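> The following file, my_file18.txt, comprises compact mmCIF, C-alpha atoms and all ligand atoms:
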```
# COMPACT_ATOMS: atom_id res chain seq x y z
CA MET E 1 -9.42 46.07 -106.95
CA THR E 2 -8.87 43.00 -104.76
CA TYR E 3 -12.22 43.69 -103.06
CA GLU E 4 -14.05 43.59 -106.41
CA ARG E 5 -12.18 40.47 -107.54
CA THR E 6 -12.98 38.63 -104.30
CA ARG E 7 -16.61 39.72 -104.46
CA ALA E 8 -16.91 38.46 -108.07
CA SER E 9 -15.54 35.02 -107.15
CA LEU E 10 -17.83 34.86 -104.10
CA GLU E 11 -20.82 35.72 -106.27
CA THR E 12 -20.02 32.83 -108.62
CA TYR E 13 -19.44 30.49 -105.69
CA PHE E 14 -22.48 31.32 -103.53
CA ASP E 15 -24.92 32.06 -106.33
CA ARG E 16 -24.04 29.07 -108.53
CA THR E 17 -21.33 26.55 -107.51
CA ALA E 18 -22.42 26.13 -103.89
CA ALA E 19 -25.96 27.54 -103.81
CA ASP E 20 -27.60 24.12 -103.22
CA THR E 21 -24.99 23.00 -100.69
CA TRP E 22 -25.40 26.26 -98.83
CA ALA E 23 -29.20 26.04 -98.87
CA ARG E 24 -28.95 22.54 -97.37
CA LEU E 25 -26.35 23.48 -94.74
CA THR E 26 -28.61 26.29 -93.55
CA SER E 27 -31.73 24.12 -93.45
CA THR E 28 -32.77 21.47 -90.92
CA ASP E 29 -32.26 18.64 -93.46
CA PRO E 30 -29.72 15.96 -92.56
CA VAL E 31 -26.12 16.68 -93.60
CA SER E 32 -22.84 14.75 -93.35
CA ARG E 33 -21.17 14.51 -89.94
CA ILE E 34 -18.51 17.05 -90.93
CA ARG E 35 -21.11 19.53 -92.17
CA ALA E 36 -23.14 18.96 -89.01
CA THR E 37 -20.19 20.28 -86.98
CA VAL E 38 -20.05 23.33 -89.23
CA ARG E 39 -23.80 23.86 -88.82
CA ALA E 40 -23.50 23.58 -85.03
CA GLY E 41 -20.58 26.04 -84.99
CA ARG E 42 -22.48 28.50 -87.13
CA ASP E 43 -25.54 28.23 -84.87
CA ARG E 44 -23.32 29.03 -81.88
CA MET E 45 -21.67 31.92 -83.66
CA ARG E 46 -25.04 33.39 -84.62
CA GLY E 47 -25.91 33.30 -80.92
CA VAL E 48 -22.67 35.08 -80.03
CA LEU E 49 -23.31 37.87 -82.55
CA LEU E 50 -26.92 38.23 -81.43
CA SER E 51 -25.74 38.49 -77.81
CA ARG E 52 -23.97 41.76 -78.79
CA LEU E 53 -27.23 43.28 -80.04
CA PRO E 54 -29.88 44.82 -77.76
CA GLU E 55 -32.66 42.46 -76.61
CA ASP E 56 -35.23 45.02 -77.71
CA MET E 57 -34.39 46.44 -81.13
CA THR E 58 -37.72 48.12 -81.74
CA GLY E 59 -37.23 51.06 -84.09
CA MET E 60 -33.58 50.20 -84.81
CA ARG E 61 -32.26 49.66 -88.30
CA LEU E 62 -29.89 46.71 -88.83
CA LEU E 63 -27.84 45.83 -91.88
CA ASP E 64 -27.27 42.08 -92.24
CA ALA E 65 -24.26 42.42 -94.55
CA GLY E 66 -23.92 39.29 -96.69
CA CYS E 67 -27.12 37.86 -95.21
CA GLY E 68 -27.14 34.59 -97.21
CA VAL E 69 -30.45 32.83 -96.56
CA GLY E 70 -31.30 35.34 -93.84
CA GLN E 71 -30.97 33.29 -90.64
CA LEU E 72 -29.66 36.18 -88.54
CA SER E 73 -32.05 38.66 -90.20
CA VAL E 74 -34.98 36.61 -88.91
CA GLU E 75 -33.67 36.59 -85.32
CA ALA E 76 -32.98 40.34 -85.32
CA ALA E 77 -36.41 41.08 -86.77
CA ARG E 78 -37.94 39.01 -83.95
CA ARG E 79 -36.34 41.53 -81.57
CA GLY E 80 -38.20 44.28 -83.37
CA ALA E 81 -35.43 45.53 -85.69
CA GLU E 82 -36.06 46.83 -89.18
CA VAL E 83 -33.64 44.61 -91.08
CA LEU E 84 -32.03 45.17 -94.44
CA GLY E 85 -30.46 41.93 -95.64
CA VAL E 86 -28.03 42.47 -98.51
CA ASP E 87 -26.29 39.73 -100.46
CA ILE E 88 -24.57 39.45 -103.82
CA SER E 89 -26.29 36.12 -104.45
CA PRO E 90 -29.85 36.52 -105.82
CA ASN E 91 -30.31 32.74 -105.56
CA LEU E 92 -29.63 32.69 -101.82
CA LEU E 93 -31.98 35.65 -101.39
CA GLU E 94 -34.66 33.62 -103.17
CA VAL E 95 -34.18 30.88 -100.56
CA ALA E 96 -34.33 33.55 -97.84
CA ARG E 97 -37.65 34.84 -99.22
CA ASP E 98 -39.11 31.34 -99.40
CA ARG E 99 -38.11 30.59 -95.82
CA MET E 100 -39.01 33.95 -94.28
CA PRO E 101 -41.47 33.29 -91.43
CA GLU E 102 -44.76 35.15 -91.64
CA ASP E 103 -44.27 37.00 -88.31
CA VAL E 104 -41.16 38.91 -89.51
CA ARG E 105 -41.92 39.37 -93.21
CA ALA E 106 -42.94 43.00 -92.78
CA ARG E 107 -39.70 43.92 -90.98
CA VAL E 108 -37.14 42.27 -93.31
CA THR E 109 -36.18 43.76 -96.66
CA LEU E 110 -33.88 41.70 -98.87
CA VAL E 111 -31.78 43.34 -101.56
CA ALA E 112 -29.32 41.86 -104.06
CA GLY E 113 -26.13 43.87 -104.25
CA ASP E 114 -22.95 44.94 -102.51
CA MET E 115 -23.10 45.33 -98.74
CA LEU E 116 -21.03 48.54 -98.99
CA ASP E 117 -23.41 50.37 -101.33
CA GLU E 118 -24.11 53.79 -99.79
CA ALA E 119 -27.63 53.70 -101.20
CA HIS E 120 -28.54 51.33 -98.35
CA GLY E 121 -28.52 54.34 -96.02
CA ARG E 122 -27.71 54.56 -92.30
CA PHE E 123 -27.93 51.90 -89.59
CA ASP E 124 -27.93 51.53 -85.83
CA HIS E 125 -26.07 48.24 -86.10
CA VAL E 126 -24.36 46.22 -88.80
CA VAL E 127 -23.75 42.48 -88.58
CA ALA E 128 -21.51 40.61 -91.02
CA MET E 129 -21.40 36.92 -90.13
CA ASP E 130 -18.73 35.04 -92.10
CA SER E 131 -19.23 37.35 -95.08
CA LEU E 132 -15.82 39.06 -94.81
CA ILE E 133 -13.75 35.92 -94.19
CA HIS E 134 -12.64 35.61 -97.82
CA TYR E 135 -11.38 39.19 -98.10
CA ARG E 136 -7.85 40.44 -97.46
CA THR E 137 -7.21 42.22 -94.18
CA THR E 138 -6.84 45.64 -95.83
CA ASP E 139 -10.09 45.09 -97.74
CA ILE E 140 -11.83 44.14 -94.49
CA ALA E 141 -10.48 47.31 -92.88
CA ASP E 142 -11.70 49.43 -95.81
CA ALA E 143 -15.12 47.76 -95.64
CA LEU E 144 -15.47 48.23 -91.87
CA ALA E 145 -14.40 51.87 -92.04
CA ARG E 146 -16.94 52.55 -94.79
CA LEU E 147 -19.70 50.79 -92.87
CA ALA E 148 -18.77 52.67 -89.67
CA GLU E 149 -19.37 56.01 -91.42
CA ARG E 150 -23.04 55.09 -91.74
CA THR E 151 -23.52 53.26 -88.45
CA SER E 152 -24.33 54.86 -85.10
CA ARG E 153 -23.63 51.95 -82.72
CA ALA E 154 -21.53 48.90 -83.58
CA VAL E 155 -20.41 46.79 -86.50
CA ILE E 156 -20.30 43.17 -85.34
CA PHE E 157 -18.54 40.75 -87.64
CA THR E 158 -16.47 37.59 -87.85
CA VAL E 159 -13.02 36.81 -89.15
CA ALA E 160 -11.08 33.58 -89.59
CA PRO E 161 -8.50 33.91 -86.84
CA SER E 162 -4.92 33.37 -87.84
CA THR E 163 -3.42 30.37 -86.06
CA PRO E 164 -0.53 28.10 -87.07
CA ALA E 165 -3.02 25.23 -87.63
CA LEU E 166 -5.19 27.32 -89.94
CA GLU E 167 -2.19 28.59 -91.89
CA THR E 168 -1.19 24.94 -92.41
CA MET E 169 -4.70 23.96 -93.54
CA ARG E 170 -4.62 26.84 -95.96
CA PHE E 171 -1.29 25.63 -97.32
CA VAL E 172 -2.61 22.06 -97.66
CA GLY E 173 -5.76 23.40 -99.33
CA LYS E 174 -3.61 24.79 -102.10
CA ALA E 175 -2.74 21.21 -103.10
CA PHE E 176 -6.29 20.71 -104.39
CA PRO E 177 -7.38 21.76 -107.89
CA ARG E 178 -8.87 25.25 -107.88
CA SER E 179 -12.23 24.11 -109.28
CA ASP E 180 -12.88 21.81 -106.31
CA ARG E 181 -12.35 24.45 -103.70
CA SER E 182 -14.41 27.22 -102.28
CA PRO E 183 -12.81 30.68 -102.46
CA ALA E 184 -9.92 30.76 -100.00
CA ILE E 185 -10.60 31.82 -96.45
CA ILE E 186 -7.95 34.36 -95.47
CA PRO E 187 -6.87 34.17 -91.83
CA VAL E 188 -6.69 37.54 -90.09
CA ARG E 189 -4.16 38.65 -87.48
CA ALA E 190 -6.02 40.86 -85.02
CA ALA E 191 -3.01 43.17 -84.59
CA LYS E 192 -2.77 43.71 -88.35
CA LEU E 193 -6.49 44.40 -88.67
CA SER E 194 -6.35 46.75 -85.71
CA ALA E 195 -3.43 48.70 -87.22
CA ALA E 196 -5.17 48.92 -90.61
CA LEU E 197 -8.34 50.19 -88.93
CA ALA E 198 -6.45 52.79 -86.88
CA GLU E 199 -5.35 54.39 -90.18
CA ARG E 200 -8.95 54.61 -91.36
CA SER E 201 -11.20 55.28 -88.37
CA ASP E 202 -11.16 56.40 -84.73
CA TRP E 203 -13.44 53.55 -83.63
CA ARG E 204 -12.10 50.74 -81.44
CA LEU E 205 -11.80 47.07 -82.33
CA ASP E 206 -12.57 44.40 -79.72
CA SER E 207 -12.32 40.67 -79.90
CA VAL E 208 -15.54 39.06 -78.63
CA GLU E 209 -15.29 35.26 -78.81
CA ARG E 210 -13.92 32.41 -80.87
CA VAL E 211 -16.11 29.48 -81.92
CA LYS E 212 -14.52 26.21 -82.95
CA SER E 213 -16.62 23.25 -84.05
CA GLY E 214 -15.07 20.63 -86.35
CA PHE E 215 -14.09 22.41 -89.56
CA TYR E 216 -15.73 25.63 -88.45
CA PHE E 217 -13.45 28.15 -86.79
CA SER E 218 -14.42 31.79 -86.58
CA GLU E 219 -13.89 34.77 -84.29
CA ALA E 220 -16.51 37.37 -83.46
CA MET E 221 -15.27 40.96 -83.29
CA GLU E 222 -16.88 44.29 -82.59
CA PHE E 223 -15.98 47.61 -84.17
CA ALA E 224 -17.61 50.46 -82.26
CA PRO E 225 -17.23 54.13 -81.31
CA LYS E 226 -14.73 54.71 -78.46
C1 LIG Z 1 -20.38 32.31 -95.63
S1 LIG Z 1 -21.83 33.11 -96.26
C2 LIG Z 1 -22.61 33.67 -94.77
C3 LIG Z 1 -24.05 34.07 -94.96
C4 LIG Z 1 -24.75 34.56 -93.67
N1 LIG Z 1 -24.13 35.77 -93.16
C5 LIG Z 1 -24.75 33.48 -92.63
O1 LIG Z 1 -23.92 33.51 -91.73
O2 LIG Z 1 -25.59 32.57 -92.76
C6 LIG Z 1 -21.16 34.63 -96.91
C7 LIG Z 1 -22.17 35.44 -97.68
O3 LIG Z 1 -21.64 36.74 -97.92
C8 LIG Z 1 -22.05 37.16 -99.20
N2 LIG Z 1 -21.15 38.25 -99.63
C9 LIG Z 1 -19.79 38.19 -99.74
N3 LIG Z 1 -19.31 39.39 -100.11
C10 LIG Z 1 -20.37 40.22 -100.22
C11 LIG Z 1 -20.48 41.61 -100.60
N4 LIG Z 1 -19.43 42.34 -100.89
N5 LIG Z 1 -21.73 42.14 -100.60
C12 LIG Z 1 -22.82 41.39 -100.29
N6 LIG Z 1 -22.76 40.07 -99.96
C13 LIG Z 1 -21.54 39.50 -99.92
C14 LIG Z 1 -22.01 35.89 -100.02
O4 LIG Z 1 -22.78 35.96 -101.20
C15 LIG Z 1 -22.53 34.86 -99.03
O5 LIG Z 1 -23.93 34.70 -99.10
```
Go through the file and emit its structure as structure tokens.

Amino acid sequence: MTYERTRASLETYFDRTAADTWARLTSTDPVSRIRATVRAGRDRMRGVLLSRLPEDMTGMRLLDAGCGVGQLSVEAARRGAEVLGVDISPNLLEVARDRMPEDVRARVTLVAGDMLDEAHGRFDHVVAMDSLIHYRTTDIADALARLAERTSRAVIFTVAPSTPALETMRFVGKAFPRSDRSPAIIPVRAAKLSAALAERSDWRLDSVERVKSGFYFSEAMEFAPK
């Protein structure tokens, strides 16, 4: 139930409330200094996630789970992957379609819906960049275990790492009126996620790298067969 509730609030936020802000953040248009740090952090994180994927992905199928405007989808397709980008926001997918470079158009399919839908089929790799950061740890574990059942290699994703500073920011954030805030980011303790995953799957969880840039703070993780 919490998964569906979170997804519904994210759909409202990304498809309506923040669709324009998100389109701008992911473009090359000028943004505020604070947002520029977030953009730089996200660019670095995309590089980290891509570094965990094979250089040559010819013939491989990749799910870009919560693909947004498709930035990572484009890079993976340039490595030869057949990419399925799934997002609950049709508006962001529209932006993705408009921006899709000609050279990768044939290899990227964009679908509006839930990343966990079994109808999407099987994958060699799954990437979920910052699309699980608003979900509770147990919901993330459920999602990863379900994705793992249909993935042959690795699920590479990000979480908001739990640190005392982030917990404080989260507490402070609660002082603002609900309508002014994006859906809460829920910090994850790696040990708790690892324990929740051990109950659901025999794959292993590895921490890859943390990226901190201004207000952006995210940790790349890999969930893969032992
Ligand atoms: C912070 S954005 C990141 C987008 C993209 N991965 C990137 O890094 O540019 C999170 C995205 O995940 C999508 N999302 C969240 N939950 C989802 C779900 N259950 N199924 C599909 N998309 C989801 C949101 O609509 C949003 O576009």
> Please find the residues contacting ligand LIG 1 (chain Z) at a distance of at most 8 Å between atoms, with all atoms listed in the file counted, and report them as a count of residues only.
38
> Using only C-alpha atoms, pick whichever of E:Ser73, E:Ser27, E:Ser207, E:Ser213 has the shortest atom-to-atom distance to Gly41 in chain E.
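So, comparing all the options, the nearest one is E:Ser213.
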> Calculated over only C-alpha atoms, which of the candidates E:Glu209, E:Asp124, E:Glu219, E:Glu102 has the smallest distance to Thr158 in chain E?
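Nearest candidate to Thr158 in chain E out of E:Glu209, E:Asp124, E:Glu219, E:Glu102: E:Glu219.
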> Report, in Å with one decimal, the straight-line distance from CA of Ala160 in chain E to CA of Phe217 in chain E.
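The value is 6.6 Å.
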> Given the choices E:Glu149, E:Glu55, E:Ala18, E:Val188, which gets closest to Pro164 in chain E if the distance is worked out from only C-alpha atoms?
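That would be E:Val188, the residue with the smallest distance to Pro164 in chain E.
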> I'd like the interatomic distance between CA of Ala190 in chain E and CA of Leu63 in chain E, to a tenth of an Å.
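The value is 23.4 Å.
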> Step by step: start from the point (-36.7, 46.9, -96.8) in the file's coordinates, keep every protein, DNA or RNA residue that has an atom no farther than 10 Å from it, count all atoms listed in the file, and write the set as a PyMOL selection string.
chain E and resi 61+82-86+105-111+120
> With C-alpha atoms retained, export the selected residues as a compact mmCIF listing (two decimals), keeping the file's coordinate frame.

```txt
# COMPACT_ATOMS: atom_id res chain seq x y z
CA ARG E 61 -32.26 49.66 -88.30
CA GLU E 82 -36.06 46.83 -89.18
CA VAL E 83 -33.64 44.61 -91.08
CA LEU E 84 -32.03 45.17 -94.44
CA GLY E 85 -30.46 41.93 -95.64
CA VAL E 86 -28.03 42.47 -98.51
CA ARG E 105 -41.92 39.37 -93.21
CA ALA E 106 -42.94 43.00 -92.78
CA ARG E 107 -39.70 43.92 -90.98
CA VAL E 108 -37.14 42.27 -93.31
CA THR E 109 -36.18 43.76 -96.66
CA LEU E 110 -33.88 41.70 -98.87
CA VAL E 111 -31.78 43.34 -101.56
CA HIS E 120 -28.54 51.33 -98.35
```
> Check the smallest atom-to-atom distance from each of E:Lys226, E:Ala220, E:Lys212, E:Arg79 to Ala198 in chain E using only C-alpha atoms, then report the winner.
E:Lys226
> Nearest to Arg24 in chain E: which of E:Val74, E:Pro161, E:Ile186, E:Val95 is it, counting all atoms listed in the file?
E:Val95
> May I ask for the distance between CA of Arg35 in chain E and CA of Ala76 in chain E, given in Å to one decimal place?
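A separation of 24.9 Å between them.
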> Tell me, as a PDB file with C-alpha atoms, in the coordinates of the input, which residues lie within 7 Å of Val155 in chain E, counting all atoms listed in the file; anything in the same chain fewer than 3 positions away does not count.

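Result file is out.pdb:
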```pdb
ATOM      1  CA  HIS E 125     -26.070  48.240 -86.100  1.00  0.00           C
ATOM      2  CA  VAL E 126     -24.360  46.220 -88.800  1.00  0.00           C
ATOM      3  CA  VAL E 127     -23.750  42.480 -88.580  1.00  0.00           C
ATOM      4  CA  ALA E 148     -18.770  52.670 -89.670  1.00  0.00           C
ATOM      5  CA  GLU E 222     -16.880  44.290 -82.590  1.00  0.00           C
ATOM      6  CA  PHE E 223     -15.980  47.610 -84.170  1.00  0.00           C
ATOM      7  CA  ALA E 224     -17.610  50.460 -82.260  1.00  0.00           C
TER       8      ALA E 224
END
```
> Which polymer residues have any atom within 12 Å of an atom of Thr2 in chain E, counting all atoms listed in the file, with same-chain residues fewer than 3 positions away left out, as a ChimeraX atom specification?
/E:5-9,134-140,142
> Which residue gives the smallest distance to Asn91 in chain E among E:Pro225, E:Asp20, E:Asp206, E:Ile185, with all atoms listed in the file counted?
E:Asp20
> Kindly complete range 100-126 of chain E to N, CA, C and O atoms; the output should be written as a PDB file, in the coordinates of the input.

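Written file, part-v6.pdb:
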```
ATOM      1  N   MET E 100     -38.730  32.868 -95.239  1.00  0.00           N
ATOM      2  CA  MET E 100     -39.010  33.950 -94.280  1.00  0.00           C
ATOM      3  C   MET E 100     -40.313  33.695 -93.510  1.00  0.00           C
ATOM      4  O   MET E 100     -41.381  33.626 -94.104  1.00  0.00           O
ATOM      5  N   PRO E 101     -40.245  33.547 -92.190  1.00  0.00           N
ATOM      6  CA  PRO E 101     -41.470  33.290 -91.430  1.00  0.00           C
ATOM      7  C   PRO E 101     -42.437  34.483 -91.512  1.00  0.00           C
ATOM      8  O   PRO E 101     -42.001  35.640 -91.578  1.00  0.00           O
ATOM      9  N   GLU E 102     -43.692  34.146 -91.478  1.00  0.00           N
ATOM     10  CA  GLU E 102     -44.760  35.150 -91.640  1.00  0.00           C
ATOM     11  C   GLU E 102     -44.611  36.300 -90.627  1.00  0.00           C
ATOM     12  O   GLU E 102     -44.782  37.468 -90.973  1.00  0.00           O
ATOM     13  N   ASP E 103     -44.254  35.975 -89.367  1.00  0.00           N
ATOM     14  CA  ASP E 103     -44.270  37.000 -88.310  1.00  0.00           C
ATOM     15  C   ASP E 103     -43.222  38.093 -88.506  1.00  0.00           C
ATOM     16  O   ASP E 103     -43.315  39.149 -87.873  1.00  0.00           O
ATOM     17  N   VAL E 104     -42.194  37.869 -89.346  1.00  0.00           N
ATOM     18  CA  VAL E 104     -41.160  38.910 -89.510  1.00  0.00           C
ATOM     19  C   VAL E 104     -41.119  39.490 -90.927  1.00  0.00           C
ATOM     20  O   VAL E 104     -40.337  40.407 -91.196  1.00  0.00           O
ATOM     21  N   ARG E 105     -41.948  38.945 -91.802  1.00  0.00           N
ATOM     22  CA  ARG E 105     -41.920  39.370 -93.210  1.00  0.00           C
ATOM     23  C   ARG E 105     -41.929  40.886 -93.375  1.00  0.00           C
ATOM     24  O   ARG E 105     -41.178  41.438 -94.171  1.00  0.00           O
ATOM     25  N   ALA E 106     -42.765  41.560 -92.605  1.00  0.00           N
ATOM     26  CA  ALA E 106     -42.940  43.000 -92.780  1.00  0.00           C
ATOM     27  C   ALA E 106     -41.701  43.788 -92.325  1.00  0.00           C
ATOM     28  O   ALA E 106     -41.530  44.942 -92.706  1.00  0.00           O
ATOM     29  N   ARG E 107     -40.858  43.171 -91.510  1.00  0.00           N
ATOM     30  CA  ARG E 107     -39.700  43.920 -90.980  1.00  0.00           C
ATOM     31  C   ARG E 107     -38.377  43.568 -91.664  1.00  0.00           C
ATOM     32  O   ARG E 107     -37.345  44.124 -91.317  1.00  0.00           O
ATOM     33  N   VAL E 108     -38.388  42.638 -92.631  1.00  0.00           N
ATOM     34  CA  VAL E 108     -37.140  42.270 -93.310  1.00  0.00           C
ATOM     35  C   VAL E 108     -37.228  42.619 -94.795  1.00  0.00           C
ATOM     36  O   VAL E 108     -38.124  42.166 -95.497  1.00  0.00           O
ATOM     37  N   THR E 109     -36.277  43.445 -95.242  1.00  0.00           N
ATOM     38  CA  THR E 109     -36.180  43.760 -96.660  1.00  0.00           C
ATOM     39  C   THR E 109     -34.925  43.104 -97.195  1.00  0.00           C
ATOM     40  O   THR E 109     -33.858  43.215 -96.575  1.00  0.00           O
ATOM     41  N   LEU E 110     -35.042  42.388 -98.307  1.00  0.00           N
ATOM     42  CA  LEU E 110     -33.880  41.700 -98.870  1.00  0.00           C
ATOM     43  C   LEU E 110     -33.509  42.323-100.208  1.00  0.00           C
ATOM     44  O   LEU E 110     -34.379  42.528-101.071  1.00  0.00           O
ATOM     45  N   VAL E 111     -32.234  42.654-100.352  1.00  0.00           N
ATOM     46  CA  VAL E 111     -31.780  43.340-101.560  1.00  0.00           C
ATOM     47  C   VAL E 111     -30.530  42.654-102.110  1.00  0.00           C
ATOM     48  O   VAL E 111     -29.594  42.362-101.357  1.00  0.00           O
ATOM     49  N   ALA E 112     -30.515  42.424-103.423  1.00  0.00           N
ATOM     50  CA  ALA E 112     -29.320  41.860-104.060  1.00  0.00           C
ATOM     51  C   ALA E 112     -28.352  42.987-104.371  1.00  0.00           C
ATOM     52  O   ALA E 112     -28.739  44.003-104.954  1.00  0.00           O
ATOM     53  N   GLY E 113     -27.122  42.839-103.952  1.00  0.00           N
ATOM     54  CA  GLY E 113     -26.130  43.870-104.250  1.00  0.00           C
ATOM     55  C   GLY E 113     -24.948  43.800-103.302  1.00  0.00           C
ATOM     56  O   GLY E 113     -24.785  42.822-102.566  1.00  0.00           O
ATOM     57  N   ASP E 114     -24.162  44.868-103.338  1.00  0.00           N
ATOM     58  CA  ASP E 114     -22.950  44.940-102.510  1.00  0.00           C
ATOM     59  C   ASP E 114     -23.297  45.510-101.141  1.00  0.00           C
ATOM     60  O   ASP E 114     -23.968  46.543-101.043  1.00  0.00           O
ATOM     61  N   MET E 115     -22.808  44.864-100.112  1.00  0.00           N
ATOM     62  CA  MET E 115     -23.100  45.330 -98.740  1.00  0.00           C
ATOM     63  C   MET E 115     -22.615  46.752 -98.488  1.00  0.00           C
ATOM     64  O   MET E 115     -23.131  47.432 -97.619  1.00  0.00           O
ATOM     65  N   LEU E 116     -21.612  47.216 -99.268  1.00  0.00           N
ATOM     66  CA  LEU E 116     -21.030  48.540 -98.990  1.00  0.00           C
ATOM     67  C   LEU E 116     -21.741  49.682 -99.726  1.00  0.00           C
ATOM     68  O   LEU E 116     -21.381  50.843 -99.547  1.00  0.00           O
ATOM     69  N   ASP E 117     -22.712  49.347-100.538  1.00  0.00           N
ATOM     70  CA  ASP E 117     -23.410  50.370-101.330  1.00  0.00           C
ATOM     71  C   ASP E 117     -24.013  51.452-100.419  1.00  0.00           C
ATOM     72  O   ASP E 117     -24.826  51.142 -99.533  1.00  0.00           O
ATOM     73  N   GLU E 118     -23.627  52.716-100.667  1.00  0.00           N
ATOM     74  CA  GLU E 118     -24.110  53.790 -99.790  1.00  0.00           C
ATOM     75  C   GLU E 118     -25.612  54.021 -99.912  1.00  0.00           C
ATOM     76  O   GLU E 118     -26.230  54.609 -99.019  1.00  0.00           O
ATOM     77  N   ALA E 119     -26.185  53.526-101.001  1.00  0.00           N
ATOM     78  CA  ALA E 119     -27.630  53.700-101.200  1.00  0.00           C
ATOM     79  C   ALA E 119     -28.435  52.967-100.123  1.00  0.00           C
ATOM     80  O   ALA E 119     -29.622  53.247 -99.936  1.00  0.00           O
ATOM     81  N   HIS E 120     -27.801  52.045 -99.412  1.00  0.00           N
ATOM     82  CA  HIS E 120     -28.540  51.330 -98.350  1.00  0.00           C
ATOM     83  C   HIS E 120     -28.871  52.248 -97.172  1.00  0.00           C
ATOM     84  O   HIS E 120     -29.713  51.901 -96.349  1.00  0.00           O
ATOM     85  N   GLY E 121     -28.184  53.369 -97.068  1.00  0.00           N
ATOM     86  CA  GLY E 121     -28.520  54.340 -96.020  1.00  0.00           C
ATOM     87  C   GLY E 121     -27.767  54.121 -94.720  1.00  0.00           C
ATOM     88  O   GLY E 121     -26.688  53.529 -94.706  1.00  0.00           O
ATOM     89  N   ARG E 122     -28.369  54.612 -93.615  1.00  0.00           N
ATOM     90  CA  ARG E 122     -27.710  54.560 -92.300  1.00  0.00           C
ATOM     91  C   ARG E 122     -28.315  53.454 -91.429  1.00  0.00           C
ATOM     92  O   ARG E 122     -29.467  53.074 -91.619  1.00  0.00           O
ATOM     93  N   PHE E 123     -27.503  53.012 -90.460  1.00  0.00           N
ATOM     94  CA  PHE E 123     -27.930  51.900 -89.590  1.00  0.00           C
ATOM     95  C   PHE E 123     -27.574  52.177 -88.141  1.00  0.00           C
ATOM     96  O   PHE E 123     -26.649  52.926 -87.847  1.00  0.00           O
ATOM     97  N   ASP E 124     -28.331  51.531 -87.237  1.00  0.00           N
ATOM     98  CA  ASP E 124     -27.930  51.530 -85.830  1.00  0.00           C
ATOM     99  C   ASP E 124     -26.839  50.483 -85.620  1.00  0.00           C
ATOM    100  O   ASP E 124     -25.855  50.740 -84.934  1.00  0.00           O
ATOM    101  N   HIS E 125     -27.042  49.321 -86.210  1.00  0.00           N
ATOM    102  CA  HIS E 125     -26.070  48.240 -86.100  1.00  0.00           C
ATOM    103  C   HIS E 125     -25.854  47.600 -87.468  1.00  0.00           C
ATOM    104  O   HIS E 125     -26.768  47.568 -88.293  1.00  0.00           O
ATOM    105  N   VAL E 126     -24.646  47.050 -87.629  1.00  0.00           N
ATOM    106  CA  VAL E 126     -24.360  46.220 -88.800  1.00  0.00           C
ATOM    107  C   VAL E 126     -23.834  44.886 -88.288  1.00  0.00           C
ATOM    108  O   VAL E 126     -23.045  44.843 -87.335  1.00  0.00           O
TER     109      VAL E 126
END
```
